[in-house]
Amino acid sequence: MRNTQENLLDVKRASIFRESPRTEGGISPDAFDQVVRAHQRRIHRILLASVRDTDAADTLTQEVFFRAFEKRASFRGDASIGTWLVRIALNLARDHRRSRRLTFWRRLWRNGQPGDVTGAASRVPDPEPSAERKIMARERLTAVQAVVDRLSHRQRACFLLRFVEAMTVEEIAETLQLEVGTVKTHLARAVGAVRAQLAEREGPCEDI
Amino acid sequence: MRGHLTDREMMELVGDSPEGETLAHLTRCAACREESARLRAALVDLATHAHAQAERPDAFWPGQRVRIAGRLGKRRPLAPAWRWAWAPVLAAAGLLLMLWARDGAPPTQDANADQALLASVERSIHVDAPAPLRPALLLVSEVERGMMQSDHRITIPKGGQP
(Lines give C-alpha, C1' and ligand atoms only; values in the text may rest on other atoms or scores of the structure.)
Protein backbone atom coordinates (compact mmCIF):
# COMPACT_ATOMS: atom_id res chain seq x y z
CA MET A 1 0.00 0.00 0.00
CA ARG A 2 1.16 3.47 -0.75
CA ASN A 3 1.45 5.87 2.10
CA THR A 4 0.14 9.40 2.22
CA GLN A 5 3.48 10.98 1.44
CA GLU A 6 3.83 8.98 -1.76
CA ASN A 7 0.32 9.95 -2.79
CA LEU A 8 1.11 13.59 -2.21
CA LEU A 9 4.26 13.28 -4.26
CA ASP A 10 2.32 11.67 -7.09
CA VAL A 11 -0.25 14.47 -6.98
CA LYS A 12 2.59 16.99 -7.19
CA ARG A 13 4.14 15.15 -10.15
CA ALA A 14 0.71 14.96 -11.82
CA SER A 15 0.39 18.72 -11.53
CA ILE A 16 3.74 19.05 -13.31
CA PHE A 17 2.30 17.22 -16.27
CA ARG A 18 -1.05 18.94 -16.28
CA GLU A 19 0.34 22.41 -15.93
CA SER A 20 3.48 22.13 -18.00
CA PRO A 21 1.90 22.99 -21.37
CA ARG A 22 0.80 26.31 -19.90
CA THR A 23 4.01 26.94 -18.04
CA GLU A 24 6.26 29.63 -19.44
CA GLY A 25 9.14 27.86 -21.14
CA GLY A 26 7.60 24.38 -20.73
CA ILE A 27 8.34 21.74 -18.10
CA SER A 28 11.69 22.12 -16.43
CA PRO A 29 14.23 19.30 -16.85
CA ASP A 30 14.50 18.97 -13.08
CA ALA A 31 10.77 18.50 -12.66
CA PHE A 32 10.60 15.88 -15.37
CA ASP A 33 13.65 14.15 -13.94
CA GLN A 34 11.69 13.64 -10.71
CA VAL A 35 9.00 11.80 -12.64
CA VAL A 36 11.58 9.63 -14.41
CA ARG A 37 13.39 8.90 -11.18
CA ALA A 38 10.19 7.82 -9.44
CA HIS A 39 8.98 5.44 -12.14
CA GLN A 40 11.90 4.26 -14.27
CA ARG A 41 12.63 1.03 -12.37
CA ARG A 42 9.05 -0.20 -12.42
CA ILE A 43 8.56 0.72 -16.08
CA HIS A 44 11.82 -1.02 -16.95
CA ARG A 45 10.77 -4.14 -15.03
CA ILE A 46 7.37 -4.33 -16.72
CA LEU A 47 8.95 -3.87 -20.12
CA LEU A 48 11.60 -6.48 -19.45
CA ALA A 49 8.99 -8.99 -18.26
CA SER A 50 6.96 -8.27 -21.35
CA VAL A 51 9.62 -8.24 -24.09
CA ARG A 52 12.29 -10.30 -22.26
CA ASP A 53 15.15 -8.49 -23.93
CA THR A 54 17.40 -6.33 -21.77
CA ASP A 55 18.53 -3.93 -24.49
CA ALA A 56 15.02 -3.53 -25.83
CA ALA A 57 13.68 -2.93 -22.32
CA ASP A 58 16.25 -0.16 -21.82
CA THR A 59 15.46 1.48 -25.14
CA LEU A 60 11.73 1.18 -24.60
CA THR A 61 11.99 2.64 -21.10
CA GLN A 62 13.60 5.73 -22.60
CA GLU A 63 10.91 5.80 -25.24
CA VAL A 64 8.15 5.65 -22.60
CA PHE A 65 9.42 8.79 -20.91
CA PHE A 66 10.11 10.50 -24.19
CA ARG A 67 6.55 9.86 -25.33
CA ALA A 68 5.17 10.84 -21.96
CA PHE A 69 6.95 14.17 -22.28
CA GLU A 70 5.80 14.67 -25.85
CA LYS A 71 2.19 13.80 -24.99
CA ARG A 72 2.06 15.45 -21.59
CA ALA A 73 -0.73 17.74 -22.80
CA SER A 74 -2.97 14.69 -23.20
CA PHE A 75 -2.43 13.64 -19.59
CA ARG A 76 -5.73 14.58 -17.97
CA GLY A 77 -4.82 13.62 -14.45
CA ASP A 78 -7.81 11.30 -13.97
CA ALA A 79 -5.32 8.45 -13.45
CA SER A 80 -1.99 8.56 -11.65
CA ILE A 81 1.18 9.20 -13.62
CA GLY A 82 2.27 5.66 -12.80
CA THR A 83 -0.86 4.20 -14.38
CA TRP A 84 -0.44 6.42 -17.42
CA LEU A 85 3.20 5.46 -17.86
CA VAL A 86 2.43 1.74 -17.51
CA ARG A 87 -0.21 2.16 -20.21
CA ILE A 88 2.33 3.76 -22.54
CA ALA A 89 4.87 1.04 -21.69
CA LEU A 90 2.46 -1.80 -22.46
CA ASN A 91 1.50 -0.25 -25.78
CA LEU A 92 5.16 0.09 -26.70
CA ALA A 93 5.84 -3.50 -25.63
CA ARG A 94 2.99 -4.68 -27.85
CA ASP A 95 4.37 -2.74 -30.82
CA HIS A 96 7.85 -4.06 -30.14
CA ARG A 97 6.66 -7.66 -30.04
CA ARG A 98 4.79 -7.17 -33.29
CA SER A 99 7.83 -5.75 -35.02
CA ARG A 100 10.01 -8.52 -33.55
CA ARG A 101 7.61 -11.12 -34.92
CA LEU A 102 7.79 -9.48 -38.33
CA THR A 103 11.58 -9.48 -38.14
CA PHE A 104 11.52 -13.17 -37.26
CA TRP A 105 9.35 -14.04 -40.26
CA ARG A 106 11.46 -11.88 -42.55
CA ARG A 107 14.61 -13.64 -41.34
CA LEU A 108 12.94 -17.01 -41.78
CA TRP A 109 11.89 -16.07 -45.29
CA ARG A 110 15.41 -14.99 -46.20
CA ASN A 111 17.40 -17.76 -44.53
CA GLY A 112 14.93 -20.60 -44.40
CA GLN A 113 15.97 -21.21 -40.79
CA PRO A 114 13.94 -20.13 -37.80
CA GLY A 115 16.80 -20.18 -35.31
CA ASP A 116 15.93 -19.88 -31.64
CA VAL A 117 12.22 -19.16 -31.55
CA THR A 118 11.61 -18.62 -27.88
CA GLY A 119 15.15 -17.84 -26.87
CA ALA A 120 14.07 -18.43 -23.31
CA ALA A 121 16.51 -21.17 -22.46
CA SER A 122 19.50 -19.11 -23.55
CA ARG A 123 18.45 -16.17 -21.40
CA VAL A 124 18.12 -18.16 -18.20
CA PRO A 125 21.49 -18.31 -16.45
CA ASP A 126 23.23 -21.65 -16.34
CA PRO A 127 22.01 -23.74 -13.45
CA GLU A 128 24.21 -25.04 -10.70
CA PRO A 129 25.02 -28.65 -11.66
CA SER A 130 24.39 -30.01 -8.21
CA ALA A 131 20.97 -28.55 -7.64
CA GLU A 132 18.51 -30.79 -9.41
CA ARG A 133 15.59 -28.99 -7.93
CA LYS A 134 16.89 -25.70 -9.32
CA ILE A 135 17.21 -27.25 -12.74
CA MET A 136 13.62 -28.39 -12.64
CA ALA A 137 12.47 -25.01 -11.39
CA ARG A 138 14.39 -23.29 -14.18
CA GLU A 139 12.90 -25.58 -16.79
CA ARG A 140 9.46 -24.92 -15.42
CA LEU A 141 10.15 -21.19 -15.48
CA THR A 142 11.21 -21.40 -19.11
CA ALA A 143 8.05 -23.32 -19.95
CA VAL A 144 5.87 -20.77 -18.16
CA GLN A 145 7.66 -17.91 -19.92
CA ALA A 146 6.99 -19.60 -23.24
CA VAL A 147 3.31 -19.81 -22.38
CA VAL A 148 3.26 -16.13 -21.41
CA ASP A 149 4.92 -15.29 -24.71
CA ARG A 150 2.11 -17.00 -26.59
CA LEU A 151 -0.68 -15.20 -24.74
CA SER A 152 -2.56 -12.39 -26.45
CA HIS A 153 -1.35 -8.88 -25.68
CA ARG A 154 -4.16 -8.19 -23.20
CA GLN A 155 -3.90 -11.55 -21.49
CA ARG A 156 -0.15 -11.11 -21.11
CA ALA A 157 -0.52 -7.55 -19.85
CA CYS A 158 -3.12 -8.59 -17.25
CA PHE A 159 -1.07 -11.61 -16.24
CA LEU A 160 2.21 -9.71 -15.78
CA LEU A 161 0.62 -6.80 -13.95
CA ARG A 162 -1.16 -9.22 -11.61
CA PHE A 163 1.54 -11.76 -10.90
CA VAL A 164 4.79 -9.83 -11.47
CA GLU A 165 3.74 -6.35 -10.41
CA ALA A 166 1.22 -7.60 -7.82
CA MET A 167 -1.37 -5.08 -8.93
CA THR A 168 -4.99 -5.61 -7.94
CA VAL A 169 -7.60 -6.46 -10.54
CA GLU A 170 -9.08 -2.99 -10.12
CA GLU A 171 -5.71 -1.31 -10.71
CA ILE A 172 -5.16 -3.40 -13.83
CA ALA A 173 -8.63 -2.46 -15.08
CA GLU A 174 -7.83 1.21 -14.62
CA THR A 175 -4.44 0.91 -16.26
CA LEU A 176 -5.67 -0.99 -19.30
CA GLN A 177 -8.97 0.87 -19.38
CA LEU A 178 -10.96 -2.35 -19.22
CA GLU A 179 -13.87 -3.58 -17.14
CA VAL A 180 -12.96 -5.53 -14.00
CA GLY A 181 -14.85 -8.54 -15.35
CA THR A 182 -12.87 -8.41 -18.59
CA VAL A 183 -9.59 -8.34 -16.67
CA LYS A 184 -10.73 -11.38 -14.66
CA THR A 185 -11.59 -13.21 -17.86
CA HIS A 186 -8.15 -12.45 -19.36
CA LEU A 187 -6.47 -13.54 -16.14
CA ALA A 188 -8.46 -16.75 -15.97
CA ARG A 189 -7.51 -17.63 -19.55
CA ALA A 190 -3.86 -16.86 -18.91
CA VAL A 191 -3.86 -18.94 -15.72
CA GLY A 192 -5.63 -21.71 -17.61
CA ALA A 193 -2.86 -21.71 -20.22
CA VAL A 194 -0.19 -21.95 -17.52
CA ARG A 195 -2.13 -24.71 -15.76
CA ALA A 196 -2.34 -26.69 -18.97
CA GLN A 197 1.39 -26.29 -19.58
CA LEU A 198 2.25 -27.44 -16.06
CA ALA A 199 -0.08 -30.41 -16.34
CA GLU A 200 1.51 -31.35 -19.66
CA ARG A 201 5.02 -31.12 -18.24
CA GLU A 202 4.51 -32.58 -14.81
CA GLY A 203 1.35 -34.61 -15.20
CA PRO A 204 -2.09 -33.98 -13.78
CA CYS A 205 -2.52 -33.76 -10.06
CA GLU A 206 -4.20 -36.90 -8.75
CA ASP A 207 -6.93 -37.22 -6.17
CA ILE A 208 -5.62 -38.99 -3.11
CA MET B 1 -20.18 -33.14 -5.44
CA ARG B 2 -18.52 -30.55 -7.66
CA GLY B 3 -15.56 -31.06 -10.00
CA HIS B 4 -12.13 -29.45 -9.70
CA LEU B 5 -11.51 -25.73 -9.57
CA THR B 6 -12.10 -23.74 -12.75
CA ASP B 7 -9.46 -21.45 -14.22
CA ARG B 8 -11.17 -18.43 -12.70
CA GLU B 9 -11.36 -20.00 -9.26
CA MET B 10 -7.73 -21.07 -9.50
CA MET B 11 -6.76 -17.56 -10.59
CA GLU B 12 -8.56 -16.07 -7.58
CA LEU B 13 -6.98 -18.67 -5.33
CA VAL B 14 -3.39 -17.98 -6.39
CA GLY B 15 -4.16 -14.26 -6.46
CA ASP B 16 -5.09 -14.41 -2.77
CA SER B 17 -8.73 -13.52 -3.28
CA PRO B 18 -10.54 -16.88 -3.18
CA GLU B 19 -14.20 -17.18 -2.31
CA GLY B 20 -15.42 -19.29 0.62
CA GLU B 21 -16.64 -22.06 -1.63
CA THR B 22 -13.24 -22.35 -3.27
CA LEU B 23 -11.52 -22.66 0.08
CA ALA B 24 -14.04 -25.24 1.16
CA HIS B 25 -13.34 -27.25 -1.97
CA LEU B 26 -9.64 -27.02 -1.33
CA THR B 27 -9.97 -28.64 2.07
CA ARG B 28 -11.68 -31.62 0.44
CA CYS B 29 -9.71 -31.95 -2.83
CA ALA B 30 -6.07 -32.99 -2.64
CA ALA B 31 -5.60 -32.68 -6.41
CA CYS B 32 -6.62 -29.03 -6.40
CA ARG B 33 -4.47 -28.38 -3.34
CA GLU B 34 -1.47 -29.86 -5.10
CA GLU B 35 -2.21 -28.07 -8.34
CA SER B 36 -2.71 -24.70 -6.68
CA ALA B 37 0.58 -25.14 -4.79
CA ARG B 38 2.38 -26.00 -8.04
CA LEU B 39 0.83 -23.07 -9.86
CA ARG B 40 1.63 -20.68 -7.04
CA ALA B 41 5.24 -21.86 -6.97
CA ALA B 42 5.54 -21.34 -10.74
CA LEU B 43 4.10 -17.83 -10.48
CA VAL B 44 6.35 -16.93 -7.56
CA ASP B 45 9.36 -18.15 -9.58
CA LEU B 46 8.25 -16.08 -12.53
CA ALA B 47 7.86 -12.92 -10.45
CA THR B 48 11.15 -13.48 -8.60
CA HIS B 49 12.97 -14.06 -11.88
CA ALA B 50 11.39 -10.96 -13.45
CA HIS B 51 12.45 -8.79 -10.53
CA ALA B 52 15.94 -10.28 -10.46
CA GLN B 53 16.38 -9.79 -14.20
CA ALA B 54 15.31 -6.17 -13.91
CA GLU B 55 17.99 -5.44 -11.32
CA ARG B 56 20.68 -3.14 -12.66
CA PRO B 57 23.84 -1.65 -11.18
CA ASP B 58 23.25 1.59 -9.32
CA ALA B 59 24.99 3.57 -12.04
CA PHE B 60 22.53 2.33 -14.66
CA TRP B 61 19.56 4.42 -13.54
CA PRO B 62 21.21 7.87 -13.49
CA GLY B 63 22.76 6.97 -16.86
CA GLN B 64 19.34 6.17 -18.24
CA ARG B 65 17.98 9.47 -16.94
CA VAL B 66 20.83 11.30 -18.63
CA ARG B 67 20.01 9.56 -21.93
CA ILE B 68 16.34 10.49 -21.56
CA ALA B 69 17.21 14.09 -20.72
CA GLY B 70 19.55 14.16 -23.73
CA ARG B 71 16.78 13.06 -26.06
CA LEU B 72 14.35 15.55 -24.56
CA GLY B 73 16.93 18.32 -24.88
CA LYS B 74 17.17 17.73 -28.61
CA ARG B 75 13.42 17.78 -29.08
CA ARG B 76 12.48 20.44 -26.53
CA PRO B 77 9.72 22.56 -28.05
CA LEU B 78 9.87 26.34 -28.30
CA ALA B 79 8.59 28.30 -25.38
CA PRO B 80 4.85 28.94 -25.71
CA ALA B 81 5.29 32.71 -26.00
CA TRP B 82 7.42 32.29 -29.14
CA ARG B 83 5.64 29.25 -30.54
CA TRP B 84 3.50 31.28 -33.01
CA ALA B 85 5.99 34.06 -33.63
CA TRP B 86 6.64 32.78 -37.14
CA ALA B 87 3.01 33.36 -38.20
CA PRO B 88 3.01 37.20 -38.34
CA VAL B 89 6.50 37.16 -39.84
CA LEU B 90 5.31 34.84 -42.59
CA ALA B 91 2.19 36.96 -43.18
CA ALA B 92 4.26 40.14 -43.47
CA ALA B 93 6.65 38.44 -45.89
CA GLY B 94 3.71 37.30 -48.03
CA LEU B 95 2.24 40.81 -48.07
CA LEU B 96 5.56 42.33 -49.13
CA LEU B 97 5.89 39.77 -51.91
CA MET B 98 2.41 40.61 -53.19
CA LEU B 99 3.16 44.37 -53.15
CA TRP B 100 6.44 43.87 -54.96
CA ALA B 101 4.80 41.68 -57.59
CA ARG B 102 2.09 44.27 -58.23
CA ASP B 103 4.28 47.38 -58.28
CA GLY B 104 7.41 45.95 -59.82
CA ALA B 105 5.89 44.52 -63.05
CA PRO B 106 6.28 46.75 -66.21
CA PRO B 107 2.95 48.48 -67.05
CA THR B 108 3.48 48.24 -70.81
CA GLN B 109 3.07 44.52 -70.63
CA ASP B 110 -0.37 44.89 -69.04
CA ALA B 111 -1.39 47.43 -71.71
CA ASN B 112 -0.20 45.19 -74.51
CA ALA B 113 -2.03 42.27 -73.03
CA ASP B 114 -5.26 44.30 -72.79
CA GLN B 115 -4.91 45.47 -76.41
CA ALA B 116 -4.35 41.92 -77.64
CA LEU B 117 -7.37 40.68 -75.68
CA LEU B 118 -9.57 43.42 -77.18
CA ALA B 119 -8.40 42.62 -80.70
CA SER B 120 -9.11 38.93 -80.28
CA VAL B 121 -12.61 39.65 -78.95
CA GLU B 122 -13.30 41.91 -81.90
CA ARG B 123 -12.04 39.29 -84.31
CA SER B 124 -14.24 36.64 -82.79
CA ILE B 125 -17.27 38.93 -82.90
CA HIS B 126 -16.64 39.64 -86.56
CA VAL B 127 -16.12 36.01 -87.46
CA ASP B 128 -19.10 34.77 -85.44
CA ALA B 129 -21.51 37.41 -86.75
CA PRO B 130 -24.26 36.05 -89.02
CA ALA B 131 -24.07 37.02 -92.70
CA PRO B 132 -27.01 39.51 -92.68
CA LEU B 133 -25.35 41.52 -89.92
CA ARG B 134 -21.93 41.79 -91.52
CA PRO B 135 -22.71 45.06 -93.47
CA ALA B 136 -23.84 46.60 -90.18
CA LEU B 137 -20.61 45.50 -88.50
CA LEU B 138 -18.63 46.97 -91.38
CA LEU B 139 -20.45 50.25 -90.85
CA VAL B 140 -19.77 50.18 -87.11
CA SER B 141 -16.07 49.53 -87.68
CA GLU B 142 -15.88 52.41 -90.17
CA VAL B 143 -17.50 54.74 -87.66
CA GLU B 144 -15.06 53.63 -84.99
CA ARG B 145 -12.10 54.17 -87.30
CA GLY B 146 -13.42 57.64 -88.16
CA MET B 147 -13.74 58.50 -84.48
CA MET B 148 -10.21 57.35 -83.82
CA GLN B 149 -8.88 59.48 -86.68
CA SER B 150 -10.78 62.52 -85.37
CA ASP B 151 -9.18 61.95 -81.97
CA HIS B 152 -5.73 62.09 -83.59
CA ARG B 153 -6.52 65.05 -85.84
CA ILE B 154 -3.98 67.81 -85.70
CA THR B 155 -5.46 71.03 -84.41
CA ILE B 156 -4.37 74.09 -86.35
CA PRO B 157 -4.12 77.32 -84.38
CA LYS B 158 -6.16 80.28 -85.66
CA GLY B 159 -4.30 82.31 -88.28
CA GLY B 160 -1.51 79.85 -88.49
CA GLN B 161 -0.25 77.80 -91.42
CA PRO B 162 -1.28 74.21 -91.79
# chains A, B, ... in the order shown; residues from 1 in each chain; ligands from 1
call {"tool": "residues_around", "arguments": {"residues": "Val14 (chain B)", "least_positions_apart": "2", "cutoff": "10 Å", "atoms": "only C-alpha atoms", "output": "PyMOL selection string"}}
result
(chain A and resi 163+191) or (chain B and resi 9-12+16-18+36-37+39-41+43-44)
call {"tool": "interface_residues", "arguments": {"of": "chain A", "to": "chain B", "cutoff": "6 Å", "atoms": "only C-alpha atoms", "output": "PyMOL selection string"}}
result
chain A and resi 25+45+49+62+164+188+192+205-207
call {"tool": "atom_distance", "arguments": {"atom1": "CA of Leu178 (chain A)", "atom2": "CA of Ala79 (chain A)"}}
result
13.5 Å
call {"tool": "closest_residue", "arguments": {"among": "A:Lys134, A:Arg156, A:Gly203, A:Gln177", "to": "Ala93 (chain A)", "atoms": "only C-alpha atoms"}}
result
A:Arg156
call {"tool": "atom_distance", "arguments": {"atom1": "CA of Ser80 (chain A)", "atom2": "CA of Leu92 (chain A)"}}
result
18.7 Å
call {"tool": "atom_distance", "arguments": {"atom1": "CA of Glu170 (chain A)", "atom2": "CA of Ala190 (chain A)"}}
result
17.2 Å
call {"tool": "closest_residue", "arguments": {"among": "A:Thr142, A:Thr182, A:Thr83, A:Ser152", "to": "Ala68 (chain A)", "atoms": "only C-alpha atoms"}}
result
A:Thr83
